[in-house]
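Chemist: Pasting target_17.cif below, which is mmCIF, C-alpha atoms.
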```cif
data_my_file
#
loop_
_atom_site.group_PDB
_atom_site.id
_atom_site.type_symbol
_atom_site.label_atom_id
_atom_site.label_comp_id
_atom_site.auth_asym_id
_atom_site.auth_seq_id
_atom_site.Cartn_x
_atom_site.Cartn_y
_atom_site.Cartn_z
ATOM 1 C CA ARG B 637 -15.329 33.092 23.836
ATOM 2 C CA GLY B 638 -14.061 30.174 21.790
ATOM 3 C CA CYS B 639 -12.427 32.071 18.906
ATOM 4 C CA SER B 640 -8.779 32.893 18.667
ATOM 5 C CA ARG B 641 -6.369 34.382 16.168
ATOM 6 C CA PRO B 642 -2.731 33.600 15.401
ATOM 7 C CA ALA B 643 -0.451 35.356 17.853
ATOM 8 C CA SER B 644 1.780 36.448 14.966
ATOM 9 C CA SER B 645 -1.018 38.433 13.316
ATOM 10 C CA PRO B 646 -2.110 41.430 15.381
ATOM 11 C CA VAL B 647 -5.654 42.633 14.924
ATOM 12 C CA PRO B 648 -5.696 46.041 13.206
ATOM 13 C CA SER B 649 -6.784 48.992 15.284
ATOM 14 C CA GLY B 650 -10.567 49.262 15.528
ATOM 15 C CA VAL B 651 -11.250 45.673 14.468
ATOM 16 C CA ARG B 652 -13.047 43.561 17.025
ATOM 17 C CA VAL B 653 -12.427 39.850 17.522
ATOM 18 C CA ALA B 654 -15.556 37.810 16.935
ATOM 19 C CA CYS B 655 -17.046 35.186 19.203
ATOM 20 C CA LYS B 656 -19.353 33.687 16.572
ATOM 21 C CA GLY B 657 -20.664 34.451 13.112
ATOM 22 C CA ALA B 658 -17.068 35.285 12.308
ATOM 23 C CA LEU B 659 -15.711 36.292 8.918
ATOM 24 C CA TYR B 660 -12.062 35.337 8.402
ATOM 25 C CA MET B 661 -10.068 38.002 6.604
ATOM 26 C CA ASP B 662 -6.442 36.971 6.062
ATOM 27 C CA ASP B 663 -5.104 36.069 9.526
ATOM 28 C CA TYR B 664 -7.553 37.850 11.767
ATOM 29 C CA ILE B 665 -11.276 37.637 12.424
ATOM 30 C CA LEU B 666 -13.834 40.380 11.924
ATOM 31 C CA ASP B 667 -16.861 40.541 14.175
ATOM 32 C CA CYS B 668 -19.509 40.302 11.502
ATOM 33 C CA CYS B 669 -21.963 37.886 9.960
ATOM 34 C CA GLY B 670 -22.162 36.144 6.584
ATOM 35 C CA SER B 671 -23.604 39.315 5.047
ATOM 36 C CA GLY B 672 -20.642 41.338 6.277
ATOM 37 C CA VAL B 673 -22.563 43.431 8.817
ATOM 38 C CA ILE B 674 -20.276 44.453 11.652
ATOM 39 C CA GLY B 675 -21.712 43.555 15.067
ATOM 40 C CA CYS B 676 -24.144 40.923 13.778
ATOM 41 C CA CYS B 677 -23.820 37.546 15.458
ATOM 42 C CA GLY B 678 -24.977 35.642 12.377
ATOM 43 C CA ALA B 679 -27.738 33.129 11.669
ATOM 44 C CA VAL B 680 -26.683 30.634 14.314
ATOM 45 C CA GLY B 681 -30.011 29.762 15.935
ATOM 46 C CA LEU B 682 -30.956 32.982 17.683
ATOM 47 C CA VAL B 683 -30.889 32.932 21.490
ATOM 48 C CA ARG B 684 -34.163 33.957 23.109
ATOM 49 C CA ASP B 685 -33.459 33.245 26.752
ATOM 50 C CA GLY B 686 -29.907 34.517 27.121
ATOM 51 C CA GLY B 687 -28.253 37.908 26.892
ATOM 52 C CA ALA B 688 -29.339 40.401 24.273
ATOM 53 C CA GLN B 689 -27.685 39.989 20.881
ATOM 54 C CA SER B 690 -27.673 41.981 17.636
ATOM 55 C CA PHE B 691 -28.623 40.663 14.198
ATOM 56 C CA CYS B 692 -29.112 41.986 10.673
ATOM 57 C CA LEU B 693 -32.327 41.146 8.823
ATOM 58 C CA ASP B 694 -30.540 38.792 6.406
ATOM 59 C CA CYS B 695 -29.567 36.609 9.361
ATOM 60 C CA VAL B 696 -32.981 36.890 11.039
ATOM 61 C CA TYR B 697 -34.538 35.782 7.730
ATOM 62 C CA GLU B 698 -32.224 32.769 7.424
ATOM 63 C CA ASP B 699 -32.778 31.904 11.081
ATOM 64 C CA ASN B 700 -36.508 31.853 10.329
ATOM 65 C CA GLY B 701 -36.001 29.192 7.655
ATOM 66 C CA CYS B 702 -36.173 31.798 4.858
ATOM 67 C CA ASP B 703 -39.906 32.059 5.488
ATOM 68 C CA ALA B 704 -41.035 35.587 4.671
ATOM 69 C CA VAL B 705 -44.637 34.861 5.681
ATOM 70 C CA THR B 706 -43.768 34.616 9.383
ATOM 71 C CA LEU B 707 -40.744 36.956 9.341
ATOM 72 C CA LEU B 708 -42.543 39.841 11.058
ATOM 73 C CA SER B 709 -43.758 37.706 13.960
ATOM 74 C CA HIS B 710 -40.258 36.226 14.258
ATOM 75 C CA VAL B 711 -38.775 39.722 14.563
ATOM 76 C CA GLU B 712 -41.430 40.682 17.116
ATOM 77 C CA GLU B 713 -40.490 37.635 19.196
ATOM 78 C CA LEU B 714 -36.802 38.514 19.089
ATOM 79 C CA LEU B 715 -37.413 42.132 20.029
ATOM 80 C CA ALA B 716 -39.632 41.073 22.908
ATOM 81 C CA ALA B 717 -36.785 38.896 24.170
ATOM 82 C CA GLY B 718 -34.461 41.898 24.240
ATOM 83 C CA HIS B 719 -32.513 41.287 21.025
ATOM 84 C CA ARG B 720 -31.641 44.100 18.600
ATOM 85 C CA VAL B 721 -31.962 44.451 14.834
ATOM 86 C CA LEU B 722 -29.135 46.103 12.907
ATOM 87 C CA GLU B 723 -29.224 47.922 9.591
ATOM 88 C CA GLU B 724 -26.248 48.777 7.404
ATOM 89 C CA ALA B 725 -26.677 52.261 6.000
ATOM 90 C CA ALA B 726 -24.741 54.117 3.303
ATOM 91 C CA GLY B 727 -20.995 54.011 3.702
ATOM 92 C CA GLY B 728 -21.101 50.788 5.704
ATOM 93 C CA VAL B 729 -22.342 52.562 8.846
ATOM 94 C CA VAL B 730 -24.307 50.134 11.025
ATOM 95 C CA ARG B 731 -27.106 51.420 13.245
ATOM 96 C CA CYS B 732 -29.318 49.723 15.811
ATOM 97 C CA LEU B 733 -32.998 50.123 14.888
ATOM 98 C CA THR B 734 -35.733 51.118 17.286
ATOM 99 C CA VAL B 735 -38.612 48.655 17.695
ATOM 100 C CA GLY B 736 -40.741 50.610 15.243
ATOM 101 C CA GLN B 737 -37.940 50.890 12.700
ATOM 102 C CA ALA B 738 -37.133 47.185 13.013
ATOM 103 C CA LEU B 739 -40.745 46.156 12.375
ATOM 104 C CA GLU B 740 -41.009 48.518 9.400
ATOM 105 C CA ALA B 741 -37.742 47.159 7.990
ATOM 106 C CA ALA B 742 -38.959 43.576 8.471
ATOM 107 C CA ARG B 743 -42.179 44.330 6.561
ATOM 108 C CA ALA B 744 -40.200 45.858 3.682
ATOM 109 C CA TYR B 745 -37.773 42.916 3.646
ATOM 110 C CA ALA B 746 -40.585 40.352 3.592
ATOM 111 C CA ALA B 747 -42.294 42.176 0.718
ATOM 112 C CA LEU B 748 -39.267 41.495 -1.489
ATOM 113 C CA CYS B 749 -39.252 37.758 -0.794
ATOM 114 C CA PRO B 750 -41.530 34.890 -1.785
ATOM 115 C CA PRO B 751 -42.464 32.625 1.157
ATOM 116 C CA PHE B 752 -39.275 30.611 0.624
ATOM 117 C CA MET B 753 -36.228 32.142 -1.000
ATOM 118 C CA ASP B 754 -32.552 32.288 -0.175
ATOM 119 C CA SER B 755 -31.137 35.688 0.743
ATOM 120 C CA THR B 756 -28.016 35.578 -1.435
ATOM 121 C CA GLY B 757 -29.688 37.781 -4.071
ATOM 122 C CA GLY B 758 -29.917 40.675 -1.630
ATOM 123 C CA ARG B 759 -26.326 41.893 -1.953
ATOM 124 C CA GLU B 760 -23.824 42.804 -4.672
ATOM 125 C CA TRP B 761 -21.054 40.209 -5.004
ATOM 126 C CA ASP B 762 -17.470 40.706 -6.149
ATOM 127 C CA CYS B 763 -18.204 38.944 -9.453
ATOM 128 C CA SER B 764 -20.782 41.621 -10.270
ATOM 129 C CA ARG B 765 -18.181 44.316 -9.650
ATOM 130 C CA TRP B 766 -15.714 42.327 -11.767
ATOM 131 C CA LEU B 767 -18.094 41.991 -14.725
ATOM 132 C CA THR B 768 -19.058 45.651 -14.475
ATOM 133 C CA ALA B 769 -15.435 46.771 -14.809
ATOM 134 C CA LEU B 770 -14.600 44.161 -17.449
ATOM 135 C CA LEU B 771 -17.580 44.735 -19.745
ATOM 136 C CA SER B 772 -17.613 48.511 -19.399
ATOM 137 C CA CYS B 773 -14.599 48.770 -21.724
ATOM 138 C CA GLU B 774 -14.314 47.528 -25.315
ATOM 139 C CA ALA B 775 -11.005 45.769 -24.638
ATOM 140 C CA GLY B 776 -12.613 43.748 -21.855
ATOM 141 C CA ARG B 777 -15.595 42.756 -23.995
ATOM 142 C CA ARG B 778 -13.291 41.748 -26.844
ATOM 143 C CA ALA B 779 -11.073 39.717 -24.492
ATOM 144 C CA VAL B 780 -13.971 37.455 -23.493
ATOM 145 C CA GLY B 781 -15.473 37.132 -26.973
ATOM 146 C CA LEU B 782 -18.459 39.459 -26.688
ATOM 147 C CA PRO B 783 -19.702 41.786 -29.433
ATOM 148 C CA ALA B 784 -18.167 45.245 -29.216
ATOM 149 C CA ALA B 785 -21.657 46.724 -28.839
ATOM 150 C CA PRO B 786 -24.299 44.100 -27.961
ATOM 151 C CA GLN B 787 -27.897 44.872 -28.870
ATOM 152 C CA ARG B 788 -29.859 42.403 -26.750
ATOM 153 C CA VAL B 789 -28.721 41.129 -23.331
ATOM 154 C CA LEU B 790 -30.380 38.668 -20.968
ATOM 155 C CA GLU B 791 -29.296 38.392 -17.335
ATOM 156 C CA LEU B 792 -30.304 35.414 -15.185
ATOM 157 C CA GLY B 793 -30.535 35.587 -11.391
ATOM 158 C CA ALA B 794 -29.929 39.334 -11.249
ATOM 159 C CA GLY B 795 -30.508 39.780 -7.501
ATOM 160 C CA THR B 796 -30.233 43.499 -6.739
ATOM 161 C CA GLY B 797 -29.911 44.477 -10.407
ATOM 162 C CA ASP B 798 -26.613 46.304 -9.825
ATOM 163 C CA LEU B 799 -24.877 44.746 -12.840
ATOM 164 C CA ALA B 800 -27.713 45.672 -15.207
ATOM 165 C CA LEU B 801 -27.900 49.231 -13.892
ATOM 166 C CA ALA B 802 -24.161 49.718 -14.295
ATOM 167 C CA LEU B 803 -23.902 48.248 -17.805
ATOM 168 C CA GLY B 804 -27.167 49.730 -19.036
ATOM 169 C CA SER B 805 -25.922 53.210 -18.183
ATOM 170 C CA ASN B 806 -22.376 52.704 -19.506
ATOM 171 C CA PRO B 807 -21.882 54.633 -22.784
ATOM 172 C CA GLY B 808 -19.647 51.958 -24.320
ATOM 173 C CA PHE B 809 -21.650 48.855 -23.419
ATOM 174 C CA ALA B 810 -25.002 50.516 -24.112
ATOM 175 C CA ALA B 811 -23.965 52.220 -27.377
ATOM 176 C CA ALA B 812 -26.154 49.933 -29.506
ATOM 177 C CA LEU B 813 -28.213 48.367 -26.729
ATOM 178 C CA ARG B 814 -31.880 47.885 -27.613
ATOM 179 C CA GLU B 815 -32.861 45.730 -24.650
ATOM 180 C CA TYR B 816 -31.241 44.548 -21.434
ATOM 181 C CA ARG B 817 -33.670 42.096 -19.882
ATOM 182 C CA VAL B 818 -32.870 41.480 -16.251
ATOM 183 C CA THR B 819 -34.581 38.469 -14.641
ATOM 184 C CA ASP B 820 -35.040 36.860 -11.248
ATOM 185 C CA VAL B 821 -37.803 35.352 -9.137
ATOM 186 C CA GLU B 822 -41.039 37.293 -8.699
ATOM 187 C CA GLY B 823 -40.129 38.585 -5.239
ATOM 188 C CA ARG B 824 -37.085 40.467 -6.532
ATOM 189 C CA VAL B 825 -38.446 41.861 -9.795
ATOM 190 C CA GLY B 826 -40.460 44.661 -8.157
ATOM 191 C CA ALA B 827 -37.433 46.097 -6.367
ATOM 192 C CA ILE B 828 -35.344 45.900 -9.553
ATOM 193 C CA ARG B 829 -38.052 47.736 -11.524
ATOM 194 C CA ALA B 830 -38.133 50.478 -8.914
ATOM 195 C CA ARG B 831 -34.351 50.925 -9.200
ATOM 196 C CA ILE B 832 -34.563 51.007 -13.013
ATOM 197 C CA ALA B 833 -37.216 53.748 -12.832
ATOM 198 C CA GLN B 834 -35.199 55.684 -10.269
ATOM 199 C CA ARG B 835 -32.257 55.761 -12.697
ATOM 200 C CA GLY B 836 -34.470 56.627 -15.686
ATOM 201 C CA LEU B 837 -33.380 53.545 -17.630
ATOM 202 C CA GLU B 838 -36.805 52.115 -18.540
ATOM 203 C CA GLY B 839 -36.088 52.637 -22.240
ATOM 204 C CA VAL B 840 -33.129 50.243 -22.142
ATOM 205 C CA ILE B 841 -33.542 47.898 -19.162
ATOM 206 C CA CYS B 842 -36.637 45.861 -18.362
ATOM 207 C CA ALA B 843 -37.186 43.416 -15.497
ATOM 208 C CA ALA B 844 -39.171 40.198 -15.730
ATOM 209 C CA GLU B 845 -39.729 37.025 -13.755
ATOM 210 C CA LEU B 846 -37.922 34.002 -15.145
ATOM 211 C CA LEU B 847 -37.714 30.731 -13.265
ATOM 212 C CA TRP B 848 -34.722 28.546 -14.072
ATOM 213 C CA GLY B 849 -35.799 25.561 -16.095
ATOM 214 C CA THR B 850 -37.946 27.793 -18.320
ATOM 215 C CA ALA B 851 -36.908 27.786 -21.974
ATOM 216 C CA VAL B 852 -35.703 31.044 -23.574
ATOM 217 C CA ASP B 853 -37.307 31.269 -27.018
ATOM 218 C CA GLU B 854 -35.959 34.670 -28.078
ATOM 219 C CA ALA B 855 -32.508 35.424 -29.455
ATOM 220 C CA PHE B 856 -30.048 37.430 -27.372
ATOM 221 C CA ASP B 857 -26.503 38.437 -28.223
ATOM 222 C CA VAL B 858 -25.288 37.932 -24.661
ATOM 223 C CA VAL B 859 -26.491 36.013 -21.598
ATOM 224 C CA LEU B 860 -24.957 37.112 -18.283
ATOM 225 C CA VAL B 861 -25.053 34.849 -15.240
ATOM 226 C CA CYS B 862 -23.385 36.093 -12.079
ATOM 227 C CA GLU B 863 -22.972 34.187 -8.782
ATOM 228 C CA THR B 864 -25.721 31.619 -9.285
ATOM 229 C CA LEU B 865 -23.935 28.415 -8.222
ATOM 230 C CA HIS B 866 -23.519 29.079 -4.491
ATOM 231 C CA TRP B 867 -26.905 27.902 -3.225
ATOM 232 C CA LYS B 868 -27.221 24.129 -2.732
ATOM 233 C CA GLY B 869 -31.007 24.082 -2.739
ATOM 234 C CA ASP B 870 -31.260 22.696 0.777
ATOM 235 C CA MET B 871 -34.251 24.705 1.962
ATOM 236 C CA PRO B 872 -37.670 23.141 2.607
ATOM 237 C CA ALA B 873 -39.515 21.800 -0.434
ATOM 238 C CA GLU B 874 -36.863 23.040 -2.853
ATOM 239 C CA GLU B 875 -34.748 21.043 -5.268
ATOM 240 C CA ASP B 876 -31.231 21.958 -6.300
ATOM 241 C CA THR B 877 -31.060 24.766 -8.841
ATOM 242 C CA ILE B 878 -28.105 23.892 -11.060
ATOM 243 C CA ALA B 879 -29.877 21.501 -13.463
ATOM 244 C CA PRO B 880 -32.732 23.971 -14.220
ATOM 245 C CA LEU B 881 -30.160 26.760 -14.602
ATOM 246 C CA ALA B 882 -28.147 24.695 -17.087
ATOM 247 C CA ALA B 883 -31.331 23.955 -19.042
ATOM 248 C CA THR B 884 -32.277 27.646 -19.314
ATOM 249 C CA ILE B 885 -28.788 28.721 -20.425
ATOM 250 C CA ALA B 886 -28.704 25.926 -23.011
ATOM 251 C CA SER B 887 -32.095 26.938 -24.400
ATOM 252 C CA ALA B 888 -30.885 30.537 -24.823
ATOM 253 C CA CYS B 889 -27.762 29.448 -26.738
ATOM 254 C CA ARG B 890 -28.900 26.421 -28.722
ATOM 255 C CA GLY B 891 -28.770 27.001 -32.487
ATOM 256 C CA ARG B 892 -27.723 30.632 -32.048
ATOM 257 C CA PRO B 893 -24.441 32.610 -31.943
ATOM 258 C CA THR B 894 -25.332 33.732 -28.399
ATOM 259 C CA VAL B 895 -22.448 33.952 -25.924
ATOM 260 C CA ALA B 896 -23.148 33.257 -22.251
ATOM 261 C CA LEU B 897 -20.763 34.483 -19.563
ATOM 262 C CA LEU B 898 -20.975 32.896 -16.133
ATOM 263 C CA ALA B 899 -18.966 34.438 -13.293
ATOM 264 C CA HIS B 900 -18.657 32.982 -9.806
ATOM 265 C CA ARG B 901 -16.306 32.598 -6.908
ATOM 266 C CA GLU B 902 -15.038 29.049 -6.343
ATOM 267 C CA ARG B 903 -16.848 27.494 -3.391
ATOM 268 C CA CYS B 904 -17.367 23.808 -4.119
ATOM 269 C CA ALA B 905 -15.263 22.423 -6.988
ATOM 270 C CA GLU B 906 -17.248 19.188 -7.231
ATOM 271 C CA ARG B 907 -20.591 20.976 -7.453
ATOM 272 C CA GLU B 908 -19.307 23.484 -9.994
ATOM 273 C CA ALA B 909 -17.775 20.741 -12.156
ATOM 274 C CA SER B 910 -21.113 18.925 -12.033
ATOM 275 C CA PHE B 911 -22.883 22.034 -13.312
ATOM 276 C CA TYR B 912 -20.528 22.452 -16.270
ATOM 277 C CA ALA B 913 -20.896 18.755 -17.099
ATOM 278 C CA MET B 914 -24.672 19.312 -17.198
ATOM 279 C CA CYS B 915 -24.126 22.207 -19.604
ATOM 280 C CA ARG B 916 -22.006 20.057 -21.931
ATOM 281 C CA ARG B 917 -24.627 17.295 -21.924
ATOM 282 C CA ARG B 918 -27.090 19.942 -23.061
ATOM 283 C CA GLY B 919 -24.983 20.815 -26.103
ATOM 284 C CA LEU B 920 -22.934 23.698 -24.731
ATOM 285 C CA ALA B 921 -19.196 24.233 -25.142
ATOM 286 C CA THR B 922 -17.626 25.474 -21.920
ATOM 287 C CA GLU B 923 -14.401 27.446 -21.859
ATOM 288 C CA GLN B 924 -12.719 29.106 -18.922
ATOM 289 C CA CYS B 925 -11.692 32.661 -19.811
ATOM 290 C CA THR B 926 -10.575 33.928 -16.413
ATOM 291 C CA SER B 927 -7.055 34.599 -17.689
ATOM 292 C CA ALA B 928 -8.317 36.320 -20.814
ATOM 293 C CA ALA B 929 -10.615 38.500 -18.728
ATOM 294 C CA GLY B 930 -7.810 39.543 -16.437
ATOM 295 C CA LEU B 931 -8.179 39.830 -12.697
ATOM 296 C CA SER B 932 -6.958 43.419 -12.945
ATOM 297 C CA TYR B 933 -10.635 44.250 -13.473
ATOM 298 C CA ALA B 934 -11.593 42.515 -10.220
ATOM 299 C CA PRO B 935 -12.050 44.467 -6.956
ATOM 300 C CA ALA B 936 -8.718 45.231 -5.306
ATOM 301 C CA GLU B 937 -10.127 44.160 -1.932
ATOM 302 C CA PRO B 938 -12.568 41.237 -1.529
ATOM 303 C CA HIS B 939 -16.051 42.104 -0.297
ATOM 304 C CA ASP B 940 -17.673 38.655 -0.398
ATOM 305 C CA PRO B 941 -18.301 37.466 3.169
ATOM 306 C CA GLY B 942 -16.375 34.495 4.505
ATOM 307 C CA VAL B 943 -15.187 33.153 1.146
ATOM 308 C CA ARG B 944 -11.594 32.915 -0.078
ATOM 309 C CA GLY B 945 -11.980 30.972 -3.356
ATOM 310 C CA ARG B 946 -10.764 32.558 -6.584
ATOM 311 C CA LEU B 947 -12.969 34.357 -9.088
ATOM 312 C CA VAL B 948 -13.843 32.328 -12.197
ATOM 313 C CA LEU B 949 -15.279 33.394 -15.543
ATOM 314 C CA MET B 950 -16.639 30.794 -17.979
ATOM 315 C CA ARG B 951 -17.785 31.309 -21.568
ATOM 316 C CA LEU B 952 -20.591 29.053 -22.796
ATOM 317 C CA ARG B 953 -21.954 28.739 -26.321
ATOM 318 C CA ASP B 954 -23.659 26.263 -28.595
ATOM 319 C CA SER B 955 -21.211 23.469 -29.429
ATOM 320 C CA GLY B 956 -23.125 22.349 -32.499
ATOM 321 C CA GLU B 957 -23.225 18.826 -31.067
ATOM 322 C CA ALA B 958 -26.328 16.826 -30.229
ATOM 323 C CA CYS B 959 -27.905 17.371 -26.829
ATOM 324 C CA GLU B 960 -27.609 14.286 -24.594
ATOM 325 C CA VAL B 961 -30.402 15.395 -22.259
ATOM 326 C CA ASP B 962 -34.104 15.167 -23.080
ATOM 327 C CA GLU B 963 -35.608 18.301 -21.550
ATOM 328 C CA GLY B 964 -39.048 16.793 -22.079
#
```
Rewrite the coordinates I just gave you, this time as structure tokens.
Modeler:
Amino acid sequence: RGCSRPASSPVPSGVRVACKGALYMDDYILDCCGSGVIGCCGAVGLVRDGGAQSFCLDCVYEDNGCDAVTLLSHVEELLAAGHRVLEEAAGGVVRCLTVGQALEAARAYAALCPPFMDSTGGREWDCSRWLTALLSCEAGRRAVGLPAAPQRVLELGAGTGDLALALGSNPGFAAALREYRVTDVEGRVGAIRARIAQRGLEGVICAAELLWGTAVDEAFDVVLVCETLHWKGDMPAEEDTIAPLAATIASACRGRPTVALLAHRERCAEREASFYAMCRRRGLATEQCTSAAGLSYAPAEPHDPGVRGRLVLMRLRDSGEACEVDEG
């Protein structure tokens, strides 16, 4: 229904061709949404008066303008119109929820979100897997200029908290670790704390709210920033996030030997260059260390939905030069 694939590239057995919400993987198309859920039609303006369709909660949330306050009523409306809600369980198995299960899942989803928040923090991205593998070994830490055994770590925009949980429980990375402070917006901190407690890591990892633009007054050995440049800040009543993010990173590094590592997948070269220019105006030296890090640590197969840009790792630190921006 409007999508096609190159005739020279046969679709592998068991892979369905998508009609919309498609994720391009090499030369064929998988029938899944932007969150990688097989069978989900994506956040495309959900149809209420046509045939029944299936959607994951990430896409229902985006379709509802990322408004968690009215998410439950939005799900009720979709269910009443005959649509289905999907859930991806362990092992990538996707199941269709009953009405009761869908409403319960919607309540739980909304509880993790402020009234307006993008849903990109609800999944683990390839850069998180990359940093986990890279920083879990001493050779990887040395290659990107980190201390062999950092004592205090700050993570910005932690999302699910997967990176913190992996590094905080790694014997090499955590050998001398006194505090790994994982931060995000208020709506995500509760879920991260629950995962920390479940793993018994409260003595090493702590979770706290930190809004970008807020100054960091304490000294940390390392600042980790993973996949924070993708959102363009185009939701209602929200400004772009890259200037506040640059300000917070600069405040953590200024006048200190702190090393910040920022990992992301290339999506918009102009936007990303603008962010690094903002960092330099705030007195940071920026250095790409993708080659030094080595892509051998990166996932063998990409998991990020719908994106084919390369993985990038940047090292940021105080340049010792005057800041050109008055943070006021």
Chemist: Using the chain letters and numbering of this document, enumerate as a list of chain:residue names the residues selected by the PyMOL selection byres ((chain B and resi 889) around 9).
Modeler: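 Matching residues under the PyMOL selection byres ((chain B and resi 889) around 9) are B:Val852, B:Ala855, B:Phe856, B:Val859, B:Thr884, B:Ile885, B:Ala886, B:Ser887, B:Ala888, B:Arg890, B:Gly891, B:Arg892, B:Pro893, B:Thr894, B:Val895, B:Ala896, B:Leu920, B:Leu952, B:Arg953, B:Asp954.
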Chemist: Please, what distance in Å, to one decimal, runs between CA of Gln834 (chain B) and CA of Leu799 (chain B)?
Modeler: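 We find that CA of Gln834 (chain B) and CA of Leu799 (chain B) lie 15.3 Å from each other.
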Chemist: Which residues would end up in the selection if the PyMOL selection byres ((chain B and resi 931) around 12) were applied here, given that I need the answer as a list in words?
Modeler: Asp762, Cys763, Arg765, Trp766, Leu767, Ala769, Leu770, Gly776, Cys925, Thr926, Ser927, Ala928, Ala929, Gly930, Ser932, Tyr933, Ala934, Pro935, Ala936, Glu937, Arg946, Leu947, Val948 and Leu949 of chain B
Chemist: Given the file shown, enumerate the residues that the PyMOL selection byres ((chain B and resi 801) around 9) captures and present them as a compact mmCIF listing (two decimals) with C-alpha atoms, in the coordinates of the input.
Modeler:
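Produced file part32.txt, reproduced below:
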```
# COMPACT_ATOMS: atom_id res chain seq x y z
CA GLY B 797 -29.91 44.48 -10.41
CA ASP B 798 -26.61 46.30 -9.82
CA LEU B 799 -24.88 44.75 -12.84
CA ALA B 800 -27.71 45.67 -15.21
CA ALA B 802 -24.16 49.72 -14.30
CA LEU B 803 -23.90 48.25 -17.80
CA GLY B 804 -27.17 49.73 -19.04
CA SER B 805 -25.92 53.21 -18.18
CA ASN B 806 -22.38 52.70 -19.51
CA ARG B 831 -34.35 50.92 -9.20
CA ILE B 832 -34.56 51.01 -13.01
CA ARG B 835 -32.26 55.76 -12.70
CA LEU B 837 -33.38 53.54 -17.63
CA ILE B 841 -33.54 47.90 -19.16
```
Chemist: Starting from 8 Å padding per side, set up an axis-aligned box that covers all listed atoms of region 892-907 of chain B and hand over centre and edge lengths in Å, one decimal, as AutoDock Vina command-line options.
Modeler:
```
--center_x -21.4 --center_y 26.8 --center_z -17.7 --size_x 28.7 --size_y 31.3 --size_z 44.7
```
Chemist: Smallest atom-to-atom distance to Thr706 (chain B): which of B:Ala905, B:Val861, B:Leu790, B:Ala742, using all atoms listed in the file?
Modeler: B:Ala742
Chemist: Excluding Ala883 (chain B) and its own-chain neighbours fewer than 3 positions away, which residues fall within 9 Å of it when counting all atoms listed in the file? Please give them as a count of residues only.
Modeler: 14
Chemist: What is the distance, in Å and to one decimal place, between CA of Phe809 (chain B) and CA of Gln924 (chain B)?
Modeler: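 Distance between the two atoms: 22.1 Å.
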Chemist: Can you tell me how far CA of Gly839 (chain B) sits from CA of Tyr816 (chain B), in Å to one decimal?
Modeler: 9.5 Å
Chemist: Name all residues at most 9 Å from Arg817 (chain B) (count only C-alpha atoms; drop same-chain ones fewer than 5 positions away) and give them as a list in words.
Modeler: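 Using only C-alpha atoms, the neighbours found are Arg788, Val789, Leu790, Glu791, Leu792, Ala800, Val840, Ile841, Cys842, Ala843 and Ala844 of chain B.
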